[in-house]
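Containing compact mmCIF, C-alpha atoms: my_file_16.txt.
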# COMPACT_ATOMS: atom_id res chain seq x y z
CA MET A 1 101.66 138.73 126.73
CA GLU A 2 99.90 135.88 124.88
CA GLU A 3 102.36 136.12 122.02
CA ARG A 4 105.23 135.61 124.45
CA LYS A 5 103.64 132.42 125.87
CA LYS A 6 102.99 131.12 122.37
CA HIS A 7 106.65 131.64 121.44
CA LYS A 8 107.78 129.92 124.64
CA THR A 9 105.57 126.88 123.94
CA LYS A 10 106.96 126.50 120.39
CA TRP A 11 110.49 126.56 121.77
CA LYS A 12 109.74 123.78 124.30
CA THR A 13 108.10 121.64 121.64
CA PHE A 14 111.05 122.07 119.30
CA TYR A 15 113.49 121.28 122.14
CA TRP A 16 111.80 118.01 123.10
CA MET A 17 111.45 116.96 119.45
CA MET A 18 115.20 117.47 119.00
CA VAL A 19 115.98 115.50 122.18
CA LEU A 20 113.78 112.65 120.94
CA ALA A 21 115.40 112.73 117.47
CA ILE A 22 118.91 112.61 118.96
CA PHE A 23 117.91 109.72 121.24
CA VAL A 24 116.46 107.71 118.31
CA ALA A 25 119.56 108.43 116.19
CA LEU A 26 121.79 107.29 119.04
CA ILE A 27 119.89 104.00 119.33
CA PHE A 28 120.28 103.30 115.61
CA LEU A 29 123.96 104.30 115.66
CA VAL A 30 124.77 101.94 118.54
CA ARG A 31 122.86 99.12 116.85
CA PHE A 32 124.77 99.70 113.59
CA VAL A 33 128.15 99.72 115.35
CA LEU A 34 127.37 96.51 117.25
CA ASN A 35 126.22 94.72 114.10
CA SER A 36 129.22 95.83 112.05
CA SER A 37 131.85 95.02 114.68
CA LYS A 38 131.62 91.23 114.42
CA ILE A 39 134.92 89.35 114.40
CA PHE A 40 134.58 86.10 112.50
CA VAL A 41 136.48 83.00 113.56
CA ASP A 42 139.33 81.95 111.25
CA GLN A 43 141.90 79.15 111.37
CA SER A 44 144.12 80.80 113.98
CA THR A 45 141.27 81.53 116.41
CA VAL A 46 140.71 79.20 119.34
CA ILE A 47 137.16 78.39 120.41
CA HIS A 48 137.11 77.05 123.92
CA PRO A 49 134.30 74.55 124.56
CA TYR A 50 130.95 76.34 124.63
CA TYR A 51 127.58 74.82 125.25
CA ILE A 52 125.40 76.53 122.66
CA GLU A 53 121.80 76.95 123.78
CA TRP A 54 120.86 80.04 121.76
CA PRO A 55 119.71 80.28 118.13
CA TYR A 56 121.71 81.57 115.18
CA GLU A 57 121.82 85.27 114.35
CA ARG A 58 119.68 86.75 111.57
CA ASP A 59 122.61 86.63 109.12
CA GLY A 60 123.16 82.92 109.87
CA SER A 61 126.26 83.36 112.00
CA LEU A 62 126.65 81.75 115.40
CA ARG A 63 127.56 83.95 118.37
CA ILE A 64 130.38 82.28 120.28
CA ASN A 65 131.51 85.04 122.63
CA GLU A 66 131.14 88.76 122.01
CA PRO A 67 132.53 89.93 119.58
CA TYR A 68 133.45 86.52 118.09
CA PHE A 69 131.06 84.94 115.61
CA LEU A 70 131.30 81.77 113.56
CA LYS A 71 130.07 81.55 109.98
CA SER A 72 127.72 78.60 109.98
CA THR A 73 128.48 77.41 106.46
CA ALA A 74 131.07 74.88 107.64
CA ALA A 75 130.51 71.56 105.89
CA LEU A 76 130.26 68.25 107.73
CA ILE A 77 133.22 65.88 107.28
CA LYS A 78 131.20 62.82 106.29
CA GLU A 79 133.85 60.16 106.89
CA GLU A 80 133.61 60.73 110.62
CA VAL A 81 129.92 60.01 111.21
CA THR A 82 128.70 57.83 108.36
CA HIS A 83 127.55 55.06 110.75
CA VAL A 84 125.43 57.57 112.69
CA LEU A 85 123.97 59.24 109.64
CA MET A 86 122.68 55.91 108.33
CA ASP A 87 119.96 55.93 110.98
CA SER A 88 117.09 58.27 110.00
CA ALA A 89 116.11 58.86 113.65
CA ALA A 90 119.62 60.14 114.35
CA ILE A 91 119.41 62.46 111.36
CA ASP A 92 116.17 63.98 112.63
CA SER A 93 117.54 64.46 116.13
CA PHE A 94 120.76 66.18 114.97
CA PHE A 95 119.70 68.35 112.06
CA ASN A 96 116.84 70.70 111.27
CA GLU A 97 116.25 69.42 107.75
CA SER A 98 117.11 66.23 105.89
CA GLU A 99 119.57 67.14 103.15
CA ASP A 100 122.56 65.36 101.67
CA SER A 101 124.96 68.24 102.25
CA ARG A 102 125.06 69.04 105.95
CA ILE A 103 126.34 72.34 107.28
CA LEU A 104 126.77 73.67 110.79
CA ARG A 105 123.63 75.82 110.52
CA ASP A 106 121.49 72.66 110.19
CA ILE A 107 122.30 71.42 113.70
CA LYS A 108 119.58 71.97 116.26
CA GLU A 109 120.66 73.57 119.51
CA PRO A 110 121.77 72.71 122.18
CA PHE A 111 125.22 71.33 121.36
CA LEU A 112 128.84 71.64 122.47
CA ILE A 113 131.31 73.31 120.12
CA TRP A 114 135.09 73.91 120.16
CA LYS A 115 138.03 74.51 117.81
CA ASP A 116 141.79 74.21 118.27
CA ALA A 117 144.29 76.87 117.23
CA ASN A 118 145.69 76.77 113.67
CA ASN A 119 143.17 74.14 112.65
CA ASP A 120 140.25 74.29 110.22
CA THR A 121 138.17 71.62 111.97
CA ILE A 122 135.23 72.61 114.17
CA HIS A 123 134.24 69.93 116.67
CA VAL A 124 130.59 69.52 117.67
CA VAL A 125 129.15 67.10 120.20
CA LYS A 126 125.41 66.47 120.08
CA ASN A 127 123.74 63.58 121.93
CA ASN A 128 127.15 62.07 122.74
CA VAL A 129 128.07 61.90 119.05
CA HIS A 130 131.20 63.72 117.94
CA MET A 131 130.92 65.41 114.53
CA LYS A 132 133.57 67.39 112.71
CA PHE A 133 132.99 70.29 110.36
CA LYS A 134 135.48 71.89 107.96
CA LEU A 135 135.74 75.66 108.48
CA ASP A 136 134.67 77.71 105.47
CA ASN A 137 137.40 80.26 104.72
CA ASN A 138 135.27 82.67 102.64
Can I see the file as structure tokens?
Amino acid sequence: MEERKKHKTKWKTFYWMMVLAIFVALIFLVRFVLNSSKIFVDQSTVIHPYYIEWPYERDGSLRINEPYFLKSTAALIKEEVTHVLMDSAAIDSFFNESEDSRILRDIKEPFLIWKDANNDTIHVVKNNVHMKFKLDNN
């Protein structure tokens, strides 16, 4: 009789270990699918005005609207805001770091962002200053 109980206990342990393993595998599978199903914004994509209050993703991309993401390597068009960038206080309030080459990833949140269809210019408004960034096509 004891041998029968021992066999029954092993079966229950094995069953719950398999249920736990399947559950953990399912979590990792869903996470992998969500991370690999990003659609990156290109020239033909329209970005309606969004007020960005959240940080960048771990890979440096900016989540616009699921599943749309924006690569944050877009370079600042310097001709547009040279008078603003002359002031060092404005530089500190707009960007995370003080570098000569500014990219979209350097802007501190919150800010407003939008893009028109069939255009490679990303528009950003921060502290009532309009900045334009050229979309990186890589």
Which region 37-74 of chain A residues have any atom within 6 Å of an atom of region 115-125 of chain A, and for each, what is the nearest pair of atoms with distance in Å to one decimal, counting only C-alpha atoms, rows sorted by chain and number, as a Markdown table?
| residue | atom | partner | partner_atom | distance |
| --- | --- | --- | --- | --- |
| A:Gln43 | CA | A:Asn118 | CA | 5.0 |
| A:Ser44 | CA | A:Asn118 | CA | 4.3 |
| A:Thr45 | CA | A:Ala117 | CA | 5.6 |
| A:Val46 | CA | A:Ala117 | CA | 4.8 |
| A:Ile47 | CA | A:Lys115 | CA | 4.8 |
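Comparing A:Leu135, A:Val129, A:Ile64, A:Ala21 by their smallest distance to Ile103 (chain A), the closest is A:Leu135 (using all atoms listed in the file).
Going from CA of Phe40 (chain A) over to CA of Lys126 (chain A), you cover 23.0 Å.
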Report as an MDAnalysis selection string all protein, DNA and RNA residues lying within 8 Å of Asp136 (chain A), evaluated on all atoms listed in the file, omitting residues in the same chain fewer than 5 positions from it. chainID A and resid 71 73:75
May I have the protein, DNA and RNA residues with any atom at most 8 Å from the point (129.4, 89.7, 119.2), counting only C-alpha atoms, written as a ChimeraX atom specification? /A:34-35,37-39,63-69
CA of Ile113 (chain A) and CA of Glu53 (chain A), how far apart in Å? 10.8 Å
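With CA of Met131 (chain A) on one side and CA of Pro110 (chain A) on the other, the separation reads 14.0 Å.
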Can you complete the atoms of region 113-124 of chain A to all heavy atoms and list them as a compact mmCIF listing (two decimals), keeping the file's coordinate frame?
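Below you can see part07.txt, which holds the result:
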# COMPACT_ATOMS: atom_id res chain seq x y z
N ILE A 113 130.46 72.97 121.27
CA ILE A 113 131.31 73.31 120.12
C ILE A 113 132.67 73.77 120.62
O ILE A 113 132.76 74.40 121.67
CB ILE A 113 130.64 74.40 119.25
CG1 ILE A 113 131.40 74.61 117.95
CG2 ILE A 113 130.47 75.68 120.01
CD1 ILE A 113 130.66 75.47 116.94
N TRP A 114 133.74 73.42 119.87
CA TRP A 114 135.09 73.91 120.16
C TRP A 114 135.94 73.80 118.91
O TRP A 114 135.60 73.12 117.96
CB TRP A 114 135.73 73.19 121.34
CG TRP A 114 136.21 71.80 121.07
CD1 TRP A 114 137.45 71.42 120.67
CD2 TRP A 114 135.45 70.59 121.17
NE1 TRP A 114 137.51 70.06 120.53
CE2 TRP A 114 136.29 69.52 120.84
CE3 TRP A 114 134.13 70.31 121.52
CZ2 TRP A 114 135.86 68.21 120.82
CZ3 TRP A 114 133.70 69.01 121.51
CH2 TRP A 114 134.58 67.97 121.17
N LYS A 115 137.08 74.52 118.92
CA LYS A 115 138.03 74.51 117.81
C LYS A 115 139.41 74.77 118.36
O LYS A 115 139.60 75.61 119.22
CB LYS A 115 137.67 75.58 116.79
CG LYS A 115 138.52 75.53 115.53
CD LYS A 115 138.09 76.61 114.58
CE LYS A 115 139.08 77.67 114.33
NZ LYS A 115 140.46 77.49 114.55
N ASP A 116 140.39 74.04 117.86
CA ASP A 116 141.79 74.21 118.27
C ASP A 116 142.44 75.31 117.44
O ASP A 116 141.98 75.67 116.36
CB ASP A 116 142.56 72.91 118.10
CG ASP A 116 142.00 71.79 118.97
OD1 ASP A 116 141.55 72.10 120.10
OD2 ASP A 116 141.99 70.64 118.52
N ALA A 117 143.55 75.83 117.94
CA ALA A 117 144.29 76.87 117.23
C ALA A 117 144.95 76.30 115.98
O ALA A 117 145.36 75.14 115.95
CB ALA A 117 145.34 77.47 118.14
N ASN A 118 145.06 77.12 114.94
CA ASN A 118 145.69 76.77 113.67
C ASN A 118 145.14 75.46 113.10
O ASN A 118 145.89 74.61 112.63
CB ASN A 118 147.21 76.70 113.83
CG ASN A 118 147.78 78.03 114.25
OD1 ASN A 118 147.31 79.08 113.80
ND2 ASN A 118 148.76 78.00 115.11
N ASN A 119 143.84 75.32 113.15
CA ASN A 119 143.17 74.14 112.65
C ASN A 119 141.88 74.60 111.98
O ASN A 119 141.26 75.55 112.42
CB ASN A 119 142.86 73.19 113.82
CG ASN A 119 142.52 71.80 113.34
OD1 ASN A 119 142.20 71.59 112.18
ND2 ASN A 119 142.60 70.85 114.25
N ASP A 120 141.48 73.91 110.91
CA ASP A 120 140.25 74.29 110.22
C ASP A 120 139.10 73.34 110.53
O ASP A 120 138.10 73.34 109.83
CB ASP A 120 140.49 74.37 108.71
CG ASP A 120 140.82 73.04 108.09
OD1 ASP A 120 141.13 72.10 108.84
OD2 ASP A 120 140.76 72.95 106.85
N THR A 121 139.21 72.56 111.59
CA THR A 121 138.17 71.62 111.97
C THR A 121 137.42 72.13 113.20
O THR A 121 138.02 72.45 114.23
CB THR A 121 138.77 70.24 112.29
OG1 THR A 121 139.51 69.80 111.15
CG2 THR A 121 137.69 69.23 112.61
N ILE A 122 136.11 72.21 113.07
CA ILE A 122 135.23 72.61 114.17
C ILE A 122 134.63 71.33 114.74
O ILE A 122 134.05 70.54 113.99
CB ILE A 122 134.13 73.55 113.68
CG1 ILE A 122 134.75 74.79 113.07
CG2 ILE A 122 133.19 73.90 114.83
CD1 ILE A 122 133.77 75.64 112.31
N HIS A 123 134.75 71.12 116.02
CA HIS A 123 134.24 69.93 116.67
C HIS A 123 132.90 70.24 117.32
O HIS A 123 132.77 71.24 118.03
CB HIS A 123 135.22 69.43 117.73
CG HIS A 123 136.57 69.12 117.18
ND1 HIS A 123 136.89 67.90 116.66
CD2 HIS A 123 137.68 69.89 117.05
CE1 HIS A 123 138.14 67.91 116.25
NE2 HIS A 123 138.65 69.12 116.47
N VAL A 124 131.92 69.36 117.10
CA VAL A 124 130.59 69.52 117.67
C VAL A 124 130.20 68.20 118.31
O VAL A 124 130.37 67.14 117.71
CB VAL A 124 129.56 69.91 116.58
CG1 VAL A 124 128.16 69.93 117.15
CG2 VAL A 124 129.92 71.26 115.98
